[in-house]
Amino acid sequence: MSPSPVAPVKGFAVTLRQIFKKPVTQEYPEYKRPVYPRFRGRHRLWRHENGLEKCVGCSLCAAACPADCIRVVPAENTPDNRVSAGERYARIYEINLSRCIFCGYCELACPFDAITLGNEFELSEYNRDDQIYTKDMLLAEPVKKVPVADPVLYDTPIPYYRTYS
Amino acid sequence: MREPWWITIIKAFVIINLVMVAFAYTTWLERKLLGRMQNRYGPNRAGPKGLLQPIADLVKLVRKEAFQPDSVENGFVYIIAPIISMFTALAAFSVIPFGAGWHLWHWHIDGQILNVPIALILVFALGSIGIYGFIVGGWVSDSKFSLLGSMRTCAQLVSYEVSLSLAVLGVVIMGRSLSLVDIVHRQDETIWFAAPQLVGLLVFFIAGTAETSRAPFDLPEADTELVAGYHTEYSGMRWGLFQTSEYINMITLSALTVTLFFAGWHGPWAPLGPLWFFLKLFICVSIFIWLKATLPRLRYDQLMRFGWKVLLPVATVNAVVTAALVVAFQ
Amino acid sequence: MSADELEQYLGITTLMRAVAWAQTKSMWPDQFGLSCCAMEMIAIVGPRYDIARFGMEAFRASPRQADLLIVSGRVAHKMAAPLRQIYDQMLEPKWVIAMGACASSGGMFNNYTVLQGVDKIVPVDVYVPFCPPRPEALMEGIIRLHEAVQAGIPPAYERRAVAT
Amino acid sequence: MTIAPERRATRTWPIVGPPIYEGSRIPANIPTILEVPRELANLDDILPVNFGPNHPSTHGVLRLVVDLDGERVVGLRAVIGYLHTGFEKNMEQKTWWKAITYPPRMDYLAFQLNELAFVLAIEKLLALEVPEKATWMRQLMSELSRIHSHLIWLGTAALEIGAISLLFYCFRDRDAVLDLFELVGGQRMHTRYFQAGGLAEDIPDGFYPEARTFCEYMPKAIDEYEALLTRNPIWLERTQGIGLLSADDAIALGQSGPVLRASGVDWDLRRDEPYLAYDQVDFRVPVYENGDVYDRYRVRVDEMRESVRIVEQCLNRLDRMNGKPWIADDRKVVLPPREELHTSMESLIHHFKIVTEGYRVPEGEVYVCVESARGEFGCYVVSDGGPKPWRVKFRAPSFVALEATATCMHEALVADLIAIVGSLDTVMGEVDR
Amino acid sequence: MNDWPRVPGFVETKEAYGETTLVVEPAELVEAATYVRDELGFRFLSDISPADYLGWGGKGVSGYIGTATGRDLNLPMTQGLQTLPTLKPKRFSVSYHVLALREEAPRLRLQVWLDDGEHVPSVVRVWPTADWHEREAFDMFGIVFDGHPNLVRILMEDDWEGHPLRKDYPIGGEPVRFSDAE
């Protein structure tokens, strides 16, 4: 293809035209673009409505994790110390978020929907140790919330991994 | 009555600061304008609209560790190189007129620091000295990329210097003077030289782009090829000086374009004086930025070929034809 | 005059605050891309995220002129020496962000060739998880780094040895 | 930057051997190393320069040891391995299911295609029937992936030649592609959306309009890129006649994908060895004759347009498949539906078994290849009938593309070197694996 | 094709999963490769894939569980016939995946078998693209290719010890960090 005299002018027009368009920039710290509901962010452990933990310490999530970043140490529930709804509960439940690849296999693996991946992605830390999330942190409500796009439109009616149990 | 020496010094001080501010806001303008051309905002956090961005850059660069690689044998040259570039870049501005001059009390104050009869030659001479800063700085850094960068600088800037000076020959012939003030006056009396000297303008602008190593001729510091070219090993404010001198060169060149081809401080209407000058300067600098946003970079040998085989003949013919016409119509 | 008085007399703390402000507003990253995360690192320069708003779009190719090293991806043992060299070539003050799981800890590549966490060879200021972090997540890391700098926390190389 | 020089190999080959065949430009001794000509090597003005491992234009951590005679490249040796990640070793340790998360991280520009190759290999061994909806969605996602990859290529390659704005335009549109990935797969990159047997989740309703908007928008964006480059004289100067690779050399060097097609070989696995449903869509395979950087650019830009067309056709098909299954109903391989976990003991046992032990894949070895954005992406899998792959080997097109650097680099300048390496479109993650 | 035995160094052919595997003697590999390239038209070498079969079929390696009639998809935990994988003749295999650029895109897997310490002739002169593939095989498995012009490590450092993808090479890495809570 031979160079034509008009060709560079077209290029100049392209760059010039952009000045009069509104930039596509989304100014992040002030405006947070809603993530899609399927976006996999920070993990969350769930409780039943009666306060008991959903996790029964079966370690399926640990088995499913490709990065081996979940550690579950189960213990038996006793009548005076009932933590979970099942026979056992997770005495220690830790996720090393600095290893986690957020593939979501843990929530697929969990038969009780005890662990899900939320939508929070603001997880930077000054220290690597702070990224080891313990059970208390995972059970707690995340501090930094992010907006989520309409789940009705952008997700299947009942997400594949979330059912009622 | 001519102005006394101390006014000149005050003027020099004012203008140096003005140029520095202009430099600072040229970088800001470049970043903003590039941003808008690329669908984004550009700096807007440091101060309103990012107006404090250059200040932040400056403070940061000053606070950055000043450093000299161990392998540098001649530390003096390493330090002096950016200073040479900076000094000459600033000095060249001394002859650029940005106003007609004013009557203040009982003195006539010129619109430039010095009205030298050979101003144009002075600008080119200073520019040529400034190149040494780049060349020497790259050479003394003792880094291969720096060396390649300064080799490129050397070849590119020397070759385009020729076309650059030949391109203004037409203007000089028509203006019948080497003094920038006279040339501006002449344009005001007759016509802006951009019209009769269109070819000269184009050659001047292109050669000037190359001379200031702006895109698409930014080979000496093409960072995707040579990491950072001649200033690879420079950091902090020394690097800042190189950068400053490059931008000031660009401003000087824009100012020269405005002076030589667009009648300096004269406007088509409304005698606004320096405002016209700055407006034209702004447009000229924006065009530089626009070029950067649009064009890919030339290759080294293509650059050389273009300089010697296209620009130089065109500039020569332009000068000869202008001379012939001027003689013929006299 | 004691040091504190001198500081107050000269307004040095204010000055340092101004310097910290300048450093956060003009923190130029090194152009150092390793793998997947490098794409998202470039994406923060892109129009949608536009790190230029923070004055950070000037990705410097020469480490000498860079202030921030974003280790964006997995570091093989073969790459460790060049990485450390780049870090050494950077001039103080300098900061390091370990971007993504691989740089933070080795991530899913727990094997013979990948360095298990880049903080074994360079002191890291901020760790950003995810694989790869979405650009907002990286920007949050950068903003947290800015917060730390403005709060007067010295860079990591002054605070801790390399291996944690 | 200086790095300890690599030890030179002891030579078992004569310094000057006969060419591989008549008219070949492949260096005769070692096909991948351009040796400094002897008459130059004896002169003292050869400047050895290391481009990389951290150089702005090496697409990651490629190291090129270049011998320069002034600006001319007279010797070249590519050193790789700076991003060697041990994928193949790691995947041997993981169950098949978990191993799916690894391949996308290899070629991080066309991640869906890598995932696809591995998943197809598993399915070939399992002889698993994939539902139609999954096939079409996979095809759609891989074409989006191809667009994504070419966009990044275009942006970075143009940046290297100095056209900075293109990077921003390309990344603007890349974000649009990644939005679609995030919508469907849950992550912007590395979605692990393809699973053995189909897809991980159903396609949400919001996907179709968004994808259609993208399909309408994208051709206009490509017009913009072309307005900036295709006929720009500087771009033409910089790319035409640079990095020549003849058709024979390209085949001998095992090039594939756009590099091969730019050398005039009309070969596209999507058409010539159809997988998924490529035999049911209408698309053109762009082929250009000259084998230079410009033609590679043209091939990729044309491919983007074709990919948009394929995506549209896939959308038209998928529209009619609402409510159809998206994953095979094979309880031995696929995780059982969630609602069954609480009602069916069998399902729960299957679930536990697949998650903990993983499914077993019949013994055998297969080689499956897909047309990735860079060419033939092959996946050689050996299974011993157990729950983990015995051996996984990837045929990485970028790895092979890098072998062509020495051949392309005849009579090149430093600036051409950058353009040529850029035009081969290597992704170091895939080269080093 | 029935004329596989005409390939120099022919040992056997296998058909599985729609792919043809042609096993040849390592000593005559170059002749076989040249024959395959020139006579059969397989001009395009896709890949060289070595594999290490140390421990194949041994303890901890289980066979495929199915029923005689195939897998029953609906019954859980079906214990069918357990088959051990077929034993391999030698420790390493090197597979050359070649392709003919013509209609139907025929592919062929040229395979040689060798034990630790045995050498394979290099096919760089037949398919120049084999250069790096062979270097990678050498680097990862320690398979020596005779006649290769530049057989040095490619992915690992030059002074790396061992060949990482061999089955007896440990995967390495370090334990994942967790808190010290017990």
# chains A, B, ... in the order shown; residues from 1 in each chain; ligands from 1

$ select_by_dssp --residues "segment 51-93 of chain B" --states "alpha helix (DSSP H)" --output "number ranges by chain"
B: 53-63, 75-92

$ write_last_selection --atoms "N, CA and C atoms" --output "CSV table (one decimal), in the first residue's frame"
chain,number,residue,atom,x,y,z
B,53,GLN,N,1.5,20.2,39.5
B,53,GLN,CA,2.3,19.0,39.1
B,53,GLN,C,3.7,19.4,38.9
B,54,PRO,N,4.0,20.4,38.1
B,54,PRO,CA,5.5,20.7,37.9
B,54,PRO,C,6.2,21.0,39.1
B,55,ILE,N,5.5,21.6,40.1
B,55,ILE,CA,6.2,21.9,41.4
B,55,ILE,C,6.6,20.6,42.1
B,56,ALA,N,5.6,19.7,42.1
B,56,ALA,CA,5.8,18.4,42.7
B,56,ALA,C,7.0,17.7,42.0
B,57,ASP,N,7.0,17.7,40.7
B,57,ASP,CA,8.1,17.1,40.0
B,57,ASP,C,9.4,17.7,40.4
B,58,LEU,N,9.4,19.0,40.5
B,58,LEU,CA,10.6,19.7,40.8
B,58,LEU,C,11.1,19.3,42.2
B,59,VAL,N,10.2,19.4,43.1
B,59,VAL,CA,10.6,19.1,44.5
B,59,VAL,C,11.1,17.7,44.6
B,60,LYS,N,10.4,16.8,44.0
B,60,LYS,CA,10.8,15.4,44.0
B,60,LYS,C,12.2,15.2,43.4
B,61,LEU,N,12.4,15.8,42.3
B,61,LEU,CA,13.7,15.7,41.6
B,61,LEU,C,14.8,16.2,42.5
B,62,VAL,N,14.6,17.3,43.1
B,62,VAL,CA,15.6,17.9,44.0
B,62,VAL,C,15.9,17.0,45.1
B,63,ARG,N,14.9,16.4,45.6
B,63,ARG,CA,15.1,15.5,46.8
B,63,ARG,C,15.7,14.1,46.4
B,75,GLY,N,34.4,13.1,36.5
B,75,GLY,CA,33.2,13.5,37.2
B,75,GLY,C,32.8,14.9,36.9
B,76,PHE,N,33.8,15.8,36.7
B,76,PHE,CA,33.5,17.2,36.4
B,76,PHE,C,32.7,17.3,35.1
B,77,VAL,N,33.1,16.6,34.1
B,77,VAL,CA,32.3,16.6,32.8
B,77,VAL,C,30.9,16.1,33.0
B,78,TYR,N,30.8,15.0,33.9
B,78,TYR,CA,29.5,14.4,34.1
B,78,TYR,C,28.6,15.5,34.7
B,79,ILE,N,29.1,16.3,35.6
B,79,ILE,CA,28.3,17.3,36.3
B,79,ILE,C,28.0,18.5,35.4
B,80,ILE,N,29.1,18.8,34.6
B,80,ILE,CA,28.9,20.1,33.9
B,80,ILE,C,28.0,19.9,32.7
B,81,ALA,N,27.9,18.7,32.2
B,81,ALA,CA,27.2,18.5,30.9
B,81,ALA,C,25.8,19.0,31.0
B,82,PRO,N,25.0,18.6,32.0
B,82,PRO,CA,23.6,19.2,32.0
B,82,PRO,C,23.6,20.7,32.2
B,83,ILE,N,24.6,21.2,32.9
B,83,ILE,CA,24.6,22.6,33.1
B,83,ILE,C,24.9,23.4,31.8
B,84,ILE,N,25.8,22.8,31.0
B,84,ILE,CA,26.0,23.5,29.7
B,84,ILE,C,24.7,23.6,28.9
B,85,SER,N,24.0,22.4,28.8
B,85,SER,CA,22.8,22.4,28.0
B,85,SER,C,21.8,23.4,28.6
B,86,MET,N,21.7,23.4,29.9
B,86,MET,CA,20.7,24.3,30.5
B,86,MET,C,21.1,25.8,30.3
B,87,PHE,N,22.3,26.1,30.5
B,87,PHE,CA,22.8,27.5,30.3
B,87,PHE,C,22.6,28.0,28.9
B,88,THR,N,23.0,27.2,28.0
B,88,THR,CA,22.8,27.7,26.6
B,88,THR,C,21.4,27.8,26.2
B,89,ALA,N,20.6,26.8,26.7
B,89,ALA,CA,19.1,26.9,26.4
B,89,ALA,C,18.5,28.2,26.9
B,90,LEU,N,18.9,28.5,28.1
B,90,LEU,CA,18.3,29.7,28.7
B,90,LEU,C,18.9,31.0,28.0
B,91,ALA,N,20.2,30.9,27.7
B,91,ALA,CA,20.8,32.1,27.1
B,91,ALA,C,20.2,32.4,25.8
B,92,ALA,N,19.8,31.4,25.0
B,92,ALA,CA,19.3,31.7,23.7
B,92,ALA,C,18.1,32.5,23.8

$ interface_residues --of "chain C" --to "chain D" --cutoff "9 Å" --atoms "only C-alpha atoms" --output "JSON, numbers by chain"
{"C": [31, 32, 33, 34, 35, 36, 37, 38, 39, 42, 43, 45, 46, 47, 48, 61, 62, 74, 75, 76, 77, 78, 79, 80, 81, 82, 83, 85, 86, 108, 109, 110, 111, 112, 113, 114, 131, 132, 133, 134]}

$ write_last_selection --atoms "N, CA, C and O atoms" --output "compact mmCIF listing (two decimals), in the first residue's frame"
# COMPACT_ATOMS: atom_id res chain seq x y z
N GLN C 31 9.83 1.16 34.41
CA GLN C 31 9.15 0.37 33.38
C GLN C 31 9.64 -1.06 33.50
O GLN C 31 10.61 -1.45 32.87
N PHE C 32 9.00 -1.80 34.33
CA PHE C 32 9.50 -3.13 34.63
C PHE C 32 8.33 -4.09 34.64
O PHE C 32 7.59 -4.17 35.59
N GLY C 33 8.16 -4.79 33.55
CA GLY C 33 7.04 -5.71 33.47
C GLY C 33 7.55 -7.13 33.45
O GLY C 33 8.52 -7.44 32.77
N LEU C 34 6.92 -7.98 34.20
CA LEU C 34 7.36 -9.37 34.19
C LEU C 34 6.37 -10.27 33.48
O LEU C 34 6.68 -10.85 32.46
N SER C 35 5.18 -10.39 34.02
CA SER C 35 4.26 -11.31 33.35
C SER C 35 2.84 -10.77 33.41
O SER C 35 2.63 -9.60 33.15
N CYS C 36 1.90 -11.63 33.75
CA CYS C 36 0.48 -11.26 33.66
C CYS C 36 0.22 -9.88 34.27
O CYS C 36 -0.46 -9.05 33.69
N CYS C 37 0.75 -9.67 35.46
CA CYS C 37 0.47 -8.43 36.16
C CYS C 37 0.95 -7.23 35.37
O CYS C 37 0.41 -6.13 35.50
N ALA C 38 1.98 -7.43 34.55
CA ALA C 38 2.48 -6.30 33.77
C ALA C 38 1.39 -5.72 32.89
O ALA C 38 1.32 -4.51 32.67
N MET C 39 0.51 -6.60 32.40
CA MET C 39 -0.57 -6.11 31.54
C MET C 39 -1.50 -5.19 32.33
O MET C 39 -1.91 -4.14 31.86
N ILE C 42 0.17 -1.96 32.93
CA ILE C 42 0.04 -1.02 31.82
C ILE C 42 -1.38 -0.48 31.79
O ILE C 42 -1.61 0.67 31.43
N ALA C 43 -2.33 -1.33 32.20
CA ALA C 43 -3.72 -0.89 32.14
C ALA C 43 -3.97 0.29 33.06
O ALA C 43 -4.85 1.11 32.78
N VAL C 45 -2.12 2.73 33.33
CA VAL C 45 -1.75 3.92 32.55
C VAL C 45 -2.82 4.21 31.52
O VAL C 45 -2.98 5.34 31.09
N GLY C 46 -3.53 3.17 31.14
CA GLY C 46 -4.52 3.29 30.09
C GLY C 46 -5.62 4.28 30.42
O GLY C 46 -5.71 4.76 31.55
N PRO C 47 -6.41 4.61 29.44
CA PRO C 47 -7.37 5.71 29.63
C PRO C 47 -8.36 5.47 30.74
O PRO C 47 -8.75 6.40 31.43
N ARG C 48 -8.79 4.23 30.96
CA ARG C 48 -9.86 4.08 31.93
C ARG C 48 -9.38 4.35 33.35
O ARG C 48 -10.09 4.94 34.15
N ALA C 61 12.09 4.41 31.71
CA ALA C 61 12.77 3.21 31.25
C ALA C 61 14.08 3.02 32.00
O ALA C 61 14.54 1.91 32.19
N SER C 62 14.69 4.11 32.42
CA SER C 62 15.95 3.99 33.13
C SER C 62 15.68 3.96 34.62
O SER C 62 15.05 4.86 35.15
N ARG C 74 5.72 -12.99 38.34
CA ARG C 74 6.54 -13.99 39.02
C ARG C 74 8.01 -13.75 38.71
O ARG C 74 8.40 -13.43 37.60
N VAL C 75 8.81 -13.92 39.71
CA VAL C 75 10.24 -13.72 39.56
C VAL C 75 10.91 -15.08 39.64
O VAL C 75 10.90 -15.73 40.67
N ALA C 76 11.48 -15.50 38.54
CA ALA C 76 12.23 -16.75 38.57
C ALA C 76 13.58 -16.50 39.22
O ALA C 76 14.04 -15.36 39.31
N HIS C 77 14.19 -17.56 39.66
CA HIS C 77 15.51 -17.38 40.28
C HIS C 77 16.48 -16.77 39.30
O HIS C 77 17.37 -16.02 39.67
N LYS C 78 16.31 -17.09 38.04
CA LYS C 78 17.19 -16.52 37.03
C LYS C 78 17.01 -15.01 36.93
O LYS C 78 17.93 -14.29 36.58
N MET C 79 15.80 -14.56 37.23
CA MET C 79 15.51 -13.13 37.11
C MET C 79 15.85 -12.40 38.40
O MET C 79 15.87 -11.17 38.42
N ALA C 80 16.13 -13.13 39.46
CA ALA C 80 16.32 -12.47 40.75
C ALA C 80 17.50 -11.51 40.71
O ALA C 80 17.41 -10.38 41.21
N ALA C 81 18.59 -11.95 40.09
CA ALA C 81 19.77 -11.08 40.06
C ALA C 81 19.51 -9.80 39.27
O ALA C 81 19.77 -8.70 39.76
N PRO C 82 18.96 -9.89 38.06
CA PRO C 82 18.62 -8.65 37.37
C PRO C 82 17.66 -7.76 38.15
O PRO C 82 17.80 -6.54 38.15
N LEU C 83 16.70 -8.39 38.82
CA LEU C 83 15.73 -7.59 39.58
C LEU C 83 16.43 -6.82 40.68
O LEU C 83 16.22 -5.61 40.86
N GLN C 85 19.45 -6.02 40.71
CA GLN C 85 20.31 -5.01 40.10
C GLN C 85 19.51 -3.76 39.73
O GLN C 85 19.95 -2.63 39.97
N ILE C 86 18.32 -3.98 39.21
CA ILE C 86 17.48 -2.83 38.89
C ILE C 86 17.16 -2.05 40.16
O ILE C 86 17.22 -0.83 40.18
N MET C 108 0.66 -19.45 43.20
CA MET C 108 0.39 -20.86 42.96
C MET C 108 1.62 -21.59 42.44
O MET C 108 1.60 -22.79 42.29
N PHE C 109 2.68 -20.86 42.19
CA PHE C 109 3.88 -21.50 41.63
C PHE C 109 4.85 -21.80 42.75
O PHE C 109 5.88 -21.16 42.90
N ASN C 110 4.49 -22.78 43.53
CA ASN C 110 5.32 -23.13 44.67
C ASN C 110 6.29 -24.20 44.19
O ASN C 110 6.10 -25.38 44.42
N ASN C 111 7.34 -23.79 43.50
CA ASN C 111 8.19 -24.81 42.89
C ASN C 111 9.64 -24.38 42.84
O ASN C 111 10.04 -23.39 43.45
N TYR C 112 10.41 -25.14 42.10
CA TYR C 112 11.86 -25.01 42.12
C TYR C 112 12.36 -23.71 41.52
O TYR C 112 13.47 -23.28 41.81
N THR C 113 11.60 -23.10 40.65
CA THR C 113 12.20 -22.00 39.90
C THR C 113 11.69 -20.62 40.31
O THR C 113 12.36 -19.63 40.04
N VAL C 114 10.54 -20.56 40.94
CA VAL C 114 9.99 -19.24 41.24
C VAL C 114 10.41 -18.81 42.64
O VAL C 114 10.34 -19.58 43.59
N CYS C 131 -4.59 -12.21 41.44
CA CYS C 131 -3.78 -12.87 40.42
C CYS C 131 -4.44 -12.75 39.07
O CYS C 131 -5.19 -13.61 38.70
N PRO C 132 -4.19 -11.75 38.32
CA PRO C 132 -3.50 -10.51 38.69
C PRO C 132 -4.46 -9.52 39.33
O PRO C 132 -5.67 -9.64 39.12
N PRO C 133 -3.96 -8.55 40.06
CA PRO C 133 -4.84 -7.55 40.66
C PRO C 133 -5.54 -6.76 39.57
O PRO C 133 -4.91 -6.45 38.56
N ARG C 134 -6.78 -6.44 39.78
CA ARG C 134 -7.40 -5.58 38.78
C ARG C 134 -6.80 -4.19 38.96
O ARG C 134 -6.29 -3.86 40.04

$ select_by_dssp --residues "segment 13-156 of chain C" --states "strand (DSSP E or B)" --output "VMD selection string"
chain C and resid 29 to 30 33 60 68 to 72 76 95 to 99 114 126 to 128

$ write_last_selection --atoms "C-alpha atoms" --output "mmCIF file, in the first residue's frame"
data_model
loop_
_atom_site.group_PDB
_atom_site.id
_atom_site.type_symbol
_atom_site.label_atom_id
_atom_site.label_comp_id
_atom_site.auth_asym_id
_atom_site.auth_seq_id
_atom_site.Cartn_x
_atom_site.Cartn_y
_atom_site.Cartn_z
ATOM 1 C CA PRO C 29 7.427 3.959 38.321
ATOM 2 C CA ASP C 30 10.128 1.988 36.620
ATOM 3 C CA GLY C 33 7.045 -5.711 33.470
ATOM 4 C CA ARG C 60 10.837 5.678 33.290
ATOM 5 C CA LEU C 68 8.797 3.151 42.363
ATOM 6 C CA LEU C 69 9.449 -0.409 41.354
ATOM 7 C CA ILE C 70 6.305 -2.370 40.681
ATOM 8 C CA VAL C 71 7.303 -6.005 40.654
ATOM 9 C CA SER C 72 4.577 -7.167 38.375
ATOM 10 C CA ALA C 76 12.228 -16.753 38.566
ATOM 11 C CA TRP C 95 9.669 2.229 46.943
ATOM 12 C CA VAL C 96 8.664 -1.235 45.907
ATOM 13 C CA ILE C 97 5.227 -2.655 45.330
ATOM 14 C CA ALA C 98 4.895 -6.412 45.100
ATOM 15 C CA MET C 99 2.046 -6.742 42.682
ATOM 16 C CA VAL C 114 9.991 -19.245 41.239
ATOM 17 C CA VAL C 126 3.134 -2.610 49.765
ATOM 18 C CA TYR C 127 1.762 -6.018 48.876
ATOM 19 C CA VAL C 128 -1.146 -6.243 46.508
#

$ interface_residues --of "chain B" --to "chain A" --cutoff "9 Å" --atoms "only C-alpha atoms" --output "list in words"
Leu33, Leu34, Gly35, Arg36, Met37, Gln38, Asn39, Arg40, Tyr41, Trp290, Leu291, Ala293, Thr294 and Leu295 of chain B

$ interface_residues --of "chain E" --to "chain A" --cutoff "9 Å" --atoms "only C-alpha atoms" --output "JSON list (two decimals) with N, CA and C atoms, in the first residue's frame"
[["chain", "number", "residue", "atom", "x", "y", "z"],
["E", 176, "VAL", "N", 3.63, -23.07, 52.55],
["E", 176, "VAL", "CA", 2.81, -21.87, 52.54],
["E", 176, "VAL", "C", 2.76, -21.29, 53.95],
["E", 177, "ARG", "N", 2.90, -20.00, 54.04],
["E", 177, "ARG", "CA", 2.91, -19.37, 55.36],
["E", 177, "ARG", "C", 1.50, -19.24, 55.91],
["E", 178, "PHE", "N", 1.37, -19.61, 57.16],
["E", 178, "PHE", "CA", 0.12, -19.34, 57.86],
["E", 178, "PHE", "C", 0.50, -18.73, 59.19],
["E", 179, "SER", "N", -0.49, -18.32, 59.93],
["E", 179, "SER", "CA", -0.17, -17.80, 61.26],
["E", 179, "SER", "C", 0.27, -18.96, 62.14],
["E", 181, "ALA", "N", -0.84, -19.91, 64.84],
["E", 181, "ALA", "CA", -1.87, -20.46, 65.73],
["E", 181, "ALA", "C", -1.94, -21.97, 65.60],
["E", 182, "GLU", "N", -2.03, -22.63, 66.70],
["E", 182, "GLU", "CA", -2.11, -24.09, 66.67],
["E", 182, "GLU", "C", -3.54, -24.54, 66.88]]

$ interface_residues --of "chain C" --to "chain B" --cutoff "12 Å" --atoms "only C-alpha atoms" --output "MDAnalysis selection string"
chainID C and resid 15:28 30:32 44:67 88:94

$ decode --residues "segment 17-31 of chain C" --atoms "C-alpha atoms" --output "PDB file, in the first residue's frame"
ATOM      1  CA  ARG C  17       5.581  17.250  54.686  1.00  0.00           C
ATOM      2  CA  ALA C  18       5.816  19.289  51.526  1.00  0.00           C
ATOM      3  CA  VAL C  19       8.526  17.009  50.224  1.00  0.00           C
ATOM      4  CA  ALA C  20       6.440  13.955  51.024  1.00  0.00           C
ATOM      5  CA  TRP C  21       3.546  15.570  49.228  1.00  0.00           C
ATOM      6  CA  ALA C  22       5.727  16.166  46.194  1.00  0.00           C
ATOM      7  CA  GLN C  23       7.009  12.628  46.281  1.00  0.00           C
ATOM      8  CA  THR C  24       3.547  11.179  46.290  1.00  0.00           C
ATOM      9  CA  LYS C  25       2.357  13.451  43.551  1.00  0.00           C
ATOM     10  CA  SER C  26       5.226  12.608  41.302  1.00  0.00           C
ATOM     11  CA  MET C  27       6.181   9.031  41.983  1.00  0.00           C
ATOM     12  CA  TRP C  28       7.503   7.702  38.741  1.00  0.00           C
ATOM     13  CA  PRO C  29       7.427   3.959  38.321  1.00  0.00           C
ATOM     14  CA  ASP C  30      10.128   1.988  36.620  1.00  0.00           C
ATOM     15  CA  GLN C  31       9.152   0.372  33.379  1.00  0.00           C
TER      16      GLN C  31
END
